file my_file_6.cif (mmCIF, C-alpha atoms and all ligand atoms)
data_model
loop_
_atom_site.label_atom_id
_atom_site.label_comp_id
_atom_site.auth_asym_id
_atom_site.auth_seq_id
_atom_site.Cartn_x
_atom_site.Cartn_y
_atom_site.Cartn_z
CA MET A 1 121.36 103.04 116.51
CA SER A 2 119.48 102.69 113.22
CA ARG A 3 120.22 105.24 110.54
CA VAL A 4 117.32 106.49 108.47
CA LEU A 5 117.61 108.44 105.24
CA ILE A 6 114.70 110.80 104.64
CA ALA A 7 114.22 111.72 100.97
CA GLU A 8 111.57 114.42 101.01
CA ASP A 9 111.61 117.83 99.29
CA GLU A 10 108.88 119.40 101.40
CA ALA A 11 110.86 120.91 104.28
CA ARG A 12 107.91 120.89 106.67
CA ILE A 13 107.31 117.15 106.26
CA ALA A 14 111.03 116.32 106.32
CA ALA A 15 111.41 118.24 109.60
CA PHE A 16 108.34 116.55 111.09
CA VAL A 17 109.68 113.09 110.26
CA GLU A 18 113.23 113.88 111.31
CA LYS A 19 112.21 115.33 114.67
CA GLY A 20 110.01 112.34 115.44
CA LEU A 21 112.63 109.78 114.47
CA ARG A 22 115.34 111.51 116.49
CA ALA A 23 113.09 111.64 119.53
CA ASN A 24 112.74 107.88 119.15
CA GLY A 25 116.47 107.25 119.04
CA PHE A 26 117.18 107.09 115.32
CA ALA A 27 120.01 108.83 113.50
CA THR A 28 118.71 110.70 110.45
CA ALA A 29 119.77 112.57 107.35
CA VAL A 30 117.54 114.49 104.95
CA VAL A 31 117.98 114.80 101.18
CA ALA A 32 115.62 116.78 98.98
CA ASP A 33 116.08 115.42 95.44
CA GLY A 34 116.00 112.07 93.71
CA ARG A 35 119.60 111.88 92.50
CA THR A 36 121.04 112.64 95.92
CA ALA A 37 118.61 110.17 97.45
CA ARG A 38 119.78 107.43 95.09
CA ALA A 39 123.46 108.07 95.84
CA ALA A 40 122.93 108.29 99.60
CA ALA A 41 120.81 105.13 99.67
CA ALA A 42 123.49 103.25 97.72
CA SER A 43 126.29 104.47 100.01
CA GLY A 44 125.64 101.80 102.62
CA ASP A 45 125.45 104.47 105.33
CA PHE A 46 121.75 103.91 106.02
CA ASP A 47 119.58 101.07 107.30
CA LEU A 48 116.34 102.33 105.79
CA MET A 49 115.08 105.05 103.49
CA ILE A 50 111.84 107.01 103.71
CA LEU A 51 111.21 108.00 100.12
CA ASP A 52 108.77 110.60 98.84
CA ILE A 53 107.37 109.84 95.37
CA GLY A 54 107.18 113.47 94.26
CA LEU A 55 110.87 114.37 94.29
CA PRO A 56 112.66 116.71 91.86
CA GLY A 57 115.39 115.28 89.61
CA MET A 58 114.28 111.66 89.70
CA ASP A 59 110.94 110.74 91.24
CA GLY A 60 110.66 108.17 93.99
CA PHE A 61 109.76 105.33 91.63
CA GLU A 62 112.80 106.03 89.44
CA VAL A 63 115.03 106.11 92.51
CA LEU A 64 113.65 102.82 93.75
CA ARG A 65 113.96 101.15 90.33
CA ALA A 66 117.53 102.35 89.91
CA LEU A 67 118.51 101.10 93.37
CA ARG A 68 116.96 97.69 92.84
CA ALA A 69 118.59 97.44 89.39
CA ASP A 70 121.93 98.10 91.12
CA ARG A 71 121.08 95.39 93.69
CA VAL A 72 120.88 97.86 96.56
CA THR A 73 118.55 96.13 99.00
CA ILE A 74 117.95 98.91 101.54
CA PRO A 75 114.37 98.70 102.92
CA VAL A 76 112.22 101.57 101.70
CA VAL A 77 109.07 103.15 103.09
CA ILE A 78 107.43 105.25 100.39
CA LEU A 79 105.48 108.41 101.12
CA THR A 80 102.67 108.91 98.67
CA ALA A 81 99.59 111.08 98.23
CA ARG A 82 96.45 109.32 99.39
CA ASP A 83 94.86 109.52 95.94
CA SER A 84 97.76 107.72 94.24
CA VAL A 85 97.95 104.74 96.55
CA GLN A 86 96.91 102.39 93.74
CA ASP A 87 99.77 103.48 91.49
CA THR A 88 102.12 103.16 94.41
CA VAL A 89 101.10 99.63 95.24
CA ALA A 90 101.53 98.76 91.57
CA GLY A 91 105.02 100.28 91.71
CA LEU A 92 106.16 98.11 94.60
CA GLU A 93 107.97 94.91 93.77
CA GLY A 94 108.95 92.29 96.28
CA GLY A 95 108.61 92.50 100.03
CA ALA A 96 111.29 94.99 100.98
CA ASP A 97 109.09 98.02 100.52
CA ASP A 98 106.08 99.55 102.13
CA TYR A 99 104.14 102.75 101.65
CA MET A 100 102.57 105.41 103.81
CA PRO A 101 99.75 107.57 102.42
CA LYS A 102 99.98 111.30 103.19
CA PRO A 103 98.91 112.85 105.46
CA PHE A 104 99.94 110.42 108.16
CA ARG A 105 100.37 110.34 111.88
CA PHE A 106 103.91 109.96 113.06
CA GLU A 107 103.14 106.82 115.08
CA GLU A 108 101.91 105.09 111.93
CA LEU A 109 105.10 105.87 110.10
CA LEU A 110 107.20 104.81 113.07
CA ALA A 111 105.44 101.44 113.22
CA ARG A 112 106.22 100.84 109.55
CA VAL A 113 109.84 101.93 109.94
CA ARG A 114 110.32 99.56 112.88
CA LEU A 115 108.67 96.69 111.03
CA ARG A 116 110.84 97.21 107.93
CA LEU A 117 114.01 97.47 109.99
CA SER A 118 113.24 94.12 111.56
CA GLY A 119 112.85 92.62 108.06
CA GLY A 120 109.09 92.34 108.51
CA ARG A 121 109.59 89.40 110.86
CA GLN A 122 109.03 90.91 114.27
CA SER A 123 105.37 91.60 114.77
CA GLU A 124 104.69 94.90 116.45
CA THR A 125 103.50 94.88 120.05
CA THR A 126 99.74 94.65 119.97
CA VAL A 127 98.91 95.55 123.56
CA LEU A 128 100.37 98.58 125.35
CA THR A 129 100.01 98.69 129.11
CA CYS A 130 100.70 101.07 131.95
CA GLY A 131 99.54 99.95 135.39
CA ASP A 132 95.97 98.75 135.00
CA LEU A 133 95.49 100.73 131.83
CA SER A 134 95.88 98.86 128.56
CA LEU A 135 95.30 99.50 124.91
CA ASP A 136 94.79 96.75 122.36
CA LEU A 137 96.11 98.03 119.04
CA ARG A 138 94.29 95.35 117.06
CA THR A 139 90.80 95.59 118.51
CA ARG A 140 91.23 99.35 119.17
CA ARG A 141 89.83 98.81 122.65
CA ALA A 142 90.99 100.33 125.90
CA GLN A 143 90.82 98.71 129.31
CA ALA A 144 90.90 100.87 132.44
CA GLY A 145 90.91 98.67 135.50
CA ARG A 146 88.03 96.29 134.92
CA ARG A 147 86.23 98.59 132.54
CA THR A 148 86.39 98.21 128.79
CA VAL A 149 86.27 101.65 127.25
CA ASP A 150 85.36 102.64 123.72
CA LEU A 151 87.48 105.42 122.31
CA SER A 152 87.06 107.46 119.16
CA ALA A 153 89.90 107.27 116.61
CA ARG A 154 91.51 110.49 117.87
CA GLU A 155 91.11 109.56 121.51
CA PHE A 156 92.68 106.21 120.75
CA ALA A 157 95.62 107.80 118.94
CA LEU A 158 96.17 110.19 121.83
CA ALA A 159 95.96 107.39 124.40
CA GLU A 160 98.40 105.37 122.28
CA THR A 161 100.90 108.22 122.29
CA PHE A 162 100.69 108.50 126.08
CA LEU A 163 101.08 104.75 126.54
CA ARG A 164 104.16 104.68 124.32
CA HIS A 165 105.76 107.28 126.60
CA PRO A 166 104.55 106.47 130.13
CA GLY A 167 105.71 108.89 132.81
CA GLN A 168 107.18 111.29 130.25
CA VAL A 169 106.04 114.87 129.90
CA LEU A 170 104.67 115.33 126.39
CA ALA A 171 104.43 118.88 125.12
CA ARG A 172 101.23 120.05 123.49
CA GLU A 173 103.03 120.52 120.13
CA GLN A 174 104.44 117.03 120.37
CA LEU A 175 100.99 115.57 120.94
CA LEU A 176 99.59 117.65 118.10
CA SER A 177 102.15 116.40 115.64
CA HIS A 178 101.91 112.80 116.80
CA VAL A 179 98.15 112.58 116.82
CA TRP A 180 96.94 115.20 114.37
CA GLY A 181 99.88 115.04 111.96
CA TYR A 182 101.72 117.98 110.44
CA ASP A 183 98.62 119.72 109.15
CA PHE A 184 97.64 121.16 112.50
CA ASP A 185 97.12 124.70 113.68
CA PRO A 186 99.65 125.22 116.48
CA GLY A 187 97.27 127.67 118.19
CA SER A 188 94.56 125.06 118.45
CA ASN A 189 93.35 123.87 121.86
CA VAL A 190 92.32 120.51 120.45
CA VAL A 191 94.87 118.66 122.63
CA ASP A 192 93.38 120.05 125.84
CA VAL A 193 89.91 119.15 124.66
CA TYR A 194 90.91 115.55 123.91
CA VAL A 195 92.85 115.17 127.14
CA ARG A 196 89.61 116.11 128.89
CA TYR A 197 87.75 113.44 126.91
CA LEU A 198 90.36 110.84 127.84
CA ARG A 199 90.27 111.79 131.50
CA ARG A 200 86.51 111.44 131.50
CA LYS A 201 86.71 107.98 129.94
CA LEU A 202 89.83 106.55 131.57
CA GLY A 203 89.89 108.29 134.95
CA ALA A 204 90.75 111.89 135.79
CA ASP A 205 93.98 111.24 137.68
CA ARG A 206 95.68 109.14 134.99
CA ILE A 207 96.83 112.12 132.96
CA GLU A 208 98.63 114.83 134.85
CA THR A 209 98.91 118.44 133.72
CA VAL A 210 102.47 119.68 133.98
CA ARG A 211 102.07 123.42 134.13
CA GLY A 212 103.70 125.28 131.26
CA MET A 213 105.04 122.04 129.76
CA GLY A 214 102.30 119.64 128.76
CA TYR A 215 100.82 116.39 129.93
CA ARG A 216 102.08 113.20 131.45
CA LEU A 217 100.61 109.72 131.76
CA VAL A 218 100.99 108.77 135.40
CA ALA A 219 103.08 105.60 135.62
CA ASP A 220 103.23 103.90 138.98
CA CA A 301 107.37 115.95 97.33
#

call {"tool": "encode", "arguments": {"input": "my_file_6.cif", "output": "structure tokens", "more": "lines below"}}
Ligand code: CA
result
Amino acid sequence: MSRVLIAEDEARIAAFVEKGLRANGFATAVVADGRTARAAAASGDFDLMILDIGLPGMDGFEVLRALRADRVTIPVVILTARDSVQDTVAGLEGGADDYMPKPFRFEELLARVRLRLSGGRQSETTVLTCGDLSLDLRTRRAQAGRRTVDLSAREFALAETFLRHPGQVLAREQLLSHVWGYDFDPGSNVVDVYVRYLRRKLGADRIETVRGMGYRLVAD
């Protein structure tokens, strides 16, 4: 089991990332300031660190610089505000690090974490399939039986989440956080609306409603 250190001072984001990683089989620990992050990352107890730039004590860049100066080679995925991506890229040295602009969808972060853990060698799966339903992550195209289907970005993200968990019941909140990120309104019915769109485009019986629980992609 891979162990991921989450250095993030915003509790809501830390909890979002931690929940998602645990659901995907990772062991996690959260730290909320730069000095603790540096010490934990150097301890050798973790395989990867998710590092927020805006941390109290030492910021993310200082933590990263200090670790690299101490020859700590832990792979790092940096969380940064979308409007400071340029500074972030400038702050990255070498190939061990990657960044994720906020806000992000959990699946995007997960893909980066997996890639970094494999040393950047293993290319991520590019086609997800379930029965005669397939999703090409590169062309962003869906195939349902013999039909090629165009999906909007949200529809695609929702379909991707289903195809990564075929046959599993996914709760509405889970789908919201995976597809819409952590900035969602939990009372929103947007998931139901998009499930309807997907059913219309991919076939009504592919996604099952599990009463009181959520939705499931039918896997045969
Ligand atoms: Ca922060």

call {"tool": "residues_around", "arguments": {"input": "my_file_6.cif", "residues": "Gln143 in chain A", "least_positions_apart": "2", "cutoff": "10 Å", "atoms": "all atoms listed in the file", "output": "ChimeraX atom specification"}}
result
/A:129,132-136,141,145-150,202

call {"tool": "write_last_selection", "arguments": {"input": "my_file_6.cif", "atoms": "C-alpha atoms", "output": "PDB file, in the coordinates of the input"}}
result
ATOM      1  CA  THR A 129     100.010  98.690 129.110  1.00  0.00           C
ATOM      2  CA  ASP A 132      95.970  98.750 135.000  1.00  0.00           C
ATOM      3  CA  LEU A 133      95.490 100.730 131.830  1.00  0.00           C
ATOM      4  CA  SER A 134      95.880  98.860 128.560  1.00  0.00           C
ATOM      5  CA  LEU A 135      95.300  99.500 124.910  1.00  0.00           C
ATOM      6  CA  ASP A 136      94.790  96.750 122.360  1.00  0.00           C
ATOM      7  CA  ARG A 141      89.830  98.810 122.650  1.00  0.00           C
ATOM      8  CA  GLY A 145      90.910  98.670 135.500  1.00  0.00           C
ATOM      9  CA  ARG A 146      88.030  96.290 134.920  1.00  0.00           C
ATOM     10  CA  ARG A 147      86.230  98.590 132.540  1.00  0.00           C
ATOM     11  CA  THR A 148      86.390  98.210 128.790  1.00  0.00           C
ATOM     12  CA  VAL A 149      86.270 101.650 127.250  1.00  0.00           C
ATOM     13  CA  ASP A 150      85.360 102.640 123.720  1.00  0.00           C
ATOM     14  CA  LEU A 202      89.830 106.550 131.570  1.00  0.00           C
TER      15      LEU A 202
END

call {"tool": "residues_near_ligand", "arguments": {"input": "my_file_6.cif", "ligand": "ligand CA 301 (chain A)", "cutoff": "7 Å", "atoms": "all atoms listed in the file", "output": "NGL selection string"}}
result
:A and (8-10 or 52-55)

call {"tool": "residues_around", "arguments": {"input": "my_file_6.cif", "residues": "range 98-106 of chain A", "least_positions_apart": "4", "cutoff": "6 Å", "atoms": "only C-alpha atoms", "output": "NGL selection string"}}
result
:A and (77-82 or 178-179 or 181)

call {"tool": "write_last_selection", "arguments": {"input": "my_file_6.cif", "atoms": "C-alpha atoms", "output": "tab-separated table (two decimals), in the frame of the given file"}}
result
chain	number	residue	atom	x	y	z
A	77	VAL	CA	109.07	103.15	103.09
A	78	ILE	CA	107.43	105.25	100.39
A	79	LEU	CA	105.48	108.41	101.12
A	80	THR	CA	102.67	108.91	98.67
A	81	ALA	CA	99.59	111.08	98.23
A	82	ARG	CA	96.45	109.32	99.39
A	178	HIS	CA	101.91	112.80	116.80
A	179	VAL	CA	98.15	112.58	116.82
A	181	GLY	CA	99.88	115.04	111.96

call {"tool": "residues_around", "arguments": {"input": "my_file_6.cif", "residues": "range 36-44 of chain A", "least_positions_apart": "4", "cutoff": "6 Å", "atoms": "all atoms listed in the file", "output": "JSON, numbers by chain"}}
result
{"A": [7, 31, 63]}

call {"tool": "atom_distance", "arguments": {"input": "my_file_6.cif", "atom1": "CA of Gly131 in chain A", "atom2": "CA of Ala171 in chain A"}}
result
22.1 Å

call {"tool": "residues_around", "arguments": {"input": "my_file_6.cif", "residues": "Tyr197 in chain A", "least_positions_apart": "2", "cutoff": "12 Å", "atoms": "all atoms listed in the file", "output": "PyMOL selection string"}}
result
chain A and resi 149-152+154-156+158-159+190-195+199-204+207

call {"tool": "write_last_selection", "arguments": {"input": "my_file_6.cif", "atoms": "C-alpha atoms", "output": "CSV table (one decimal), keeping the file's coordinate frame"}}
result
chain,number,residue,atom,x,y,z
A,149,VAL,CA,86.3,101.6,127.2
A,150,ASP,CA,85.4,102.6,123.7
A,151,LEU,CA,87.5,105.4,122.3
A,152,SER,CA,87.1,107.5,119.2
A,154,ARG,CA,91.5,110.5,117.9
A,155,GLU,CA,91.1,109.6,121.5
A,156,PHE,CA,92.7,106.2,120.8
A,158,LEU,CA,96.2,110.2,121.8
A,159,ALA,CA,96.0,107.4,124.4
A,190,VAL,CA,92.3,120.5,120.4
A,191,VAL,CA,94.9,118.7,122.6
A,192,ASP,CA,93.4,120.0,125.8
A,193,VAL,CA,89.9,119.2,124.7
A,194,TYR,CA,90.9,115.6,123.9
A,195,VAL,CA,92.8,115.2,127.1
A,199,ARG,CA,90.3,111.8,131.5
A,200,ARG,CA,86.5,111.4,131.5
A,201,LYS,CA,86.7,108.0,129.9
A,202,LEU,CA,89.8,106.6,131.6
A,203,GLY,CA,89.9,108.3,135.0
A,204,ALA,CA,90.8,111.9,135.8
A,207,ILE,CA,96.8,112.1,133.0

call {"tool": "axis_aligned_box", "arguments": {"input": "my_file_6.cif", "around": "range 47-58 of chain A", "padding_each_side": "5 Å", "output": "AutoDock Vina command-line options"}}
result
--center_x 113.4 --center_y 108.9 --center_z 98.5 --size_x 22.4 --size_y 25.6 --size_z 27.7

call {"tool": "closest_residue", "arguments": {"input": "my_file_6.cif", "among": "A:Ala157, A:Val4, A:Val72, A:Leu137", "to": "Arg116 in chain A", "atoms": "all atoms listed in the file"}}
result
A:Val4

call {"tool": "residues_near_point", "arguments": {"input": "my_file_6.cif", "point": "(113.1, 103.8, 93.0)", "cutoff": "10 Å", "atoms": "only C-alpha atoms", "output": "list in words"}}
result
Gly34, Ala37, Arg38, Leu51, Asp52, Ile53, Met58, Asp59, Gly60, Phe61, Glu62, Val63, Leu64, Arg65, Ala66, Leu67, Arg68, Ala69, Val76, Ile78, Gly91 and Leu92 of chain A

call {"tool": "atom_distance", "arguments": {"input": "my_file_6.cif", "atom1": "CA of Pro75 in chain A", "atom2": "CA of Val113 in chain A"}}
result
9.0 Å

call {"tool": "atom_distance", "arguments": {"input": "my_file_6.cif", "atom1": "CA of Leu48 in chain A", "atom2": "CA of Glu173 in chain A"}}
result
26.7 Å

call {"tool": "residues_around", "arguments": {"input": "my_file_6.cif", "residues": "Glu208 in chain A", "least_positions_apart": "6", "cutoff": "8 Å", "atoms": "all atoms listed in the file", "output": "ChimeraX atom specification"}}
result
/A:215-218

call {"tool": "closest_residue", "arguments": {"input": "my_file_6.cif", "among": "A:Ile74, A:Ile6, A:Leu198, A:Asn189", "to": "Ala142 in chain A", "atoms": "all atoms listed in the file"}}
result
A:Leu198

call {"tool": "closest_residue", "arguments": {"input": "my_file_6.cif", "among": "A:Glu108, A:Phe184, A:Ala219, A:Met49", "to": "Leu5 in chain A", "atoms": "all atoms listed in the file"}}
result
A:Met49
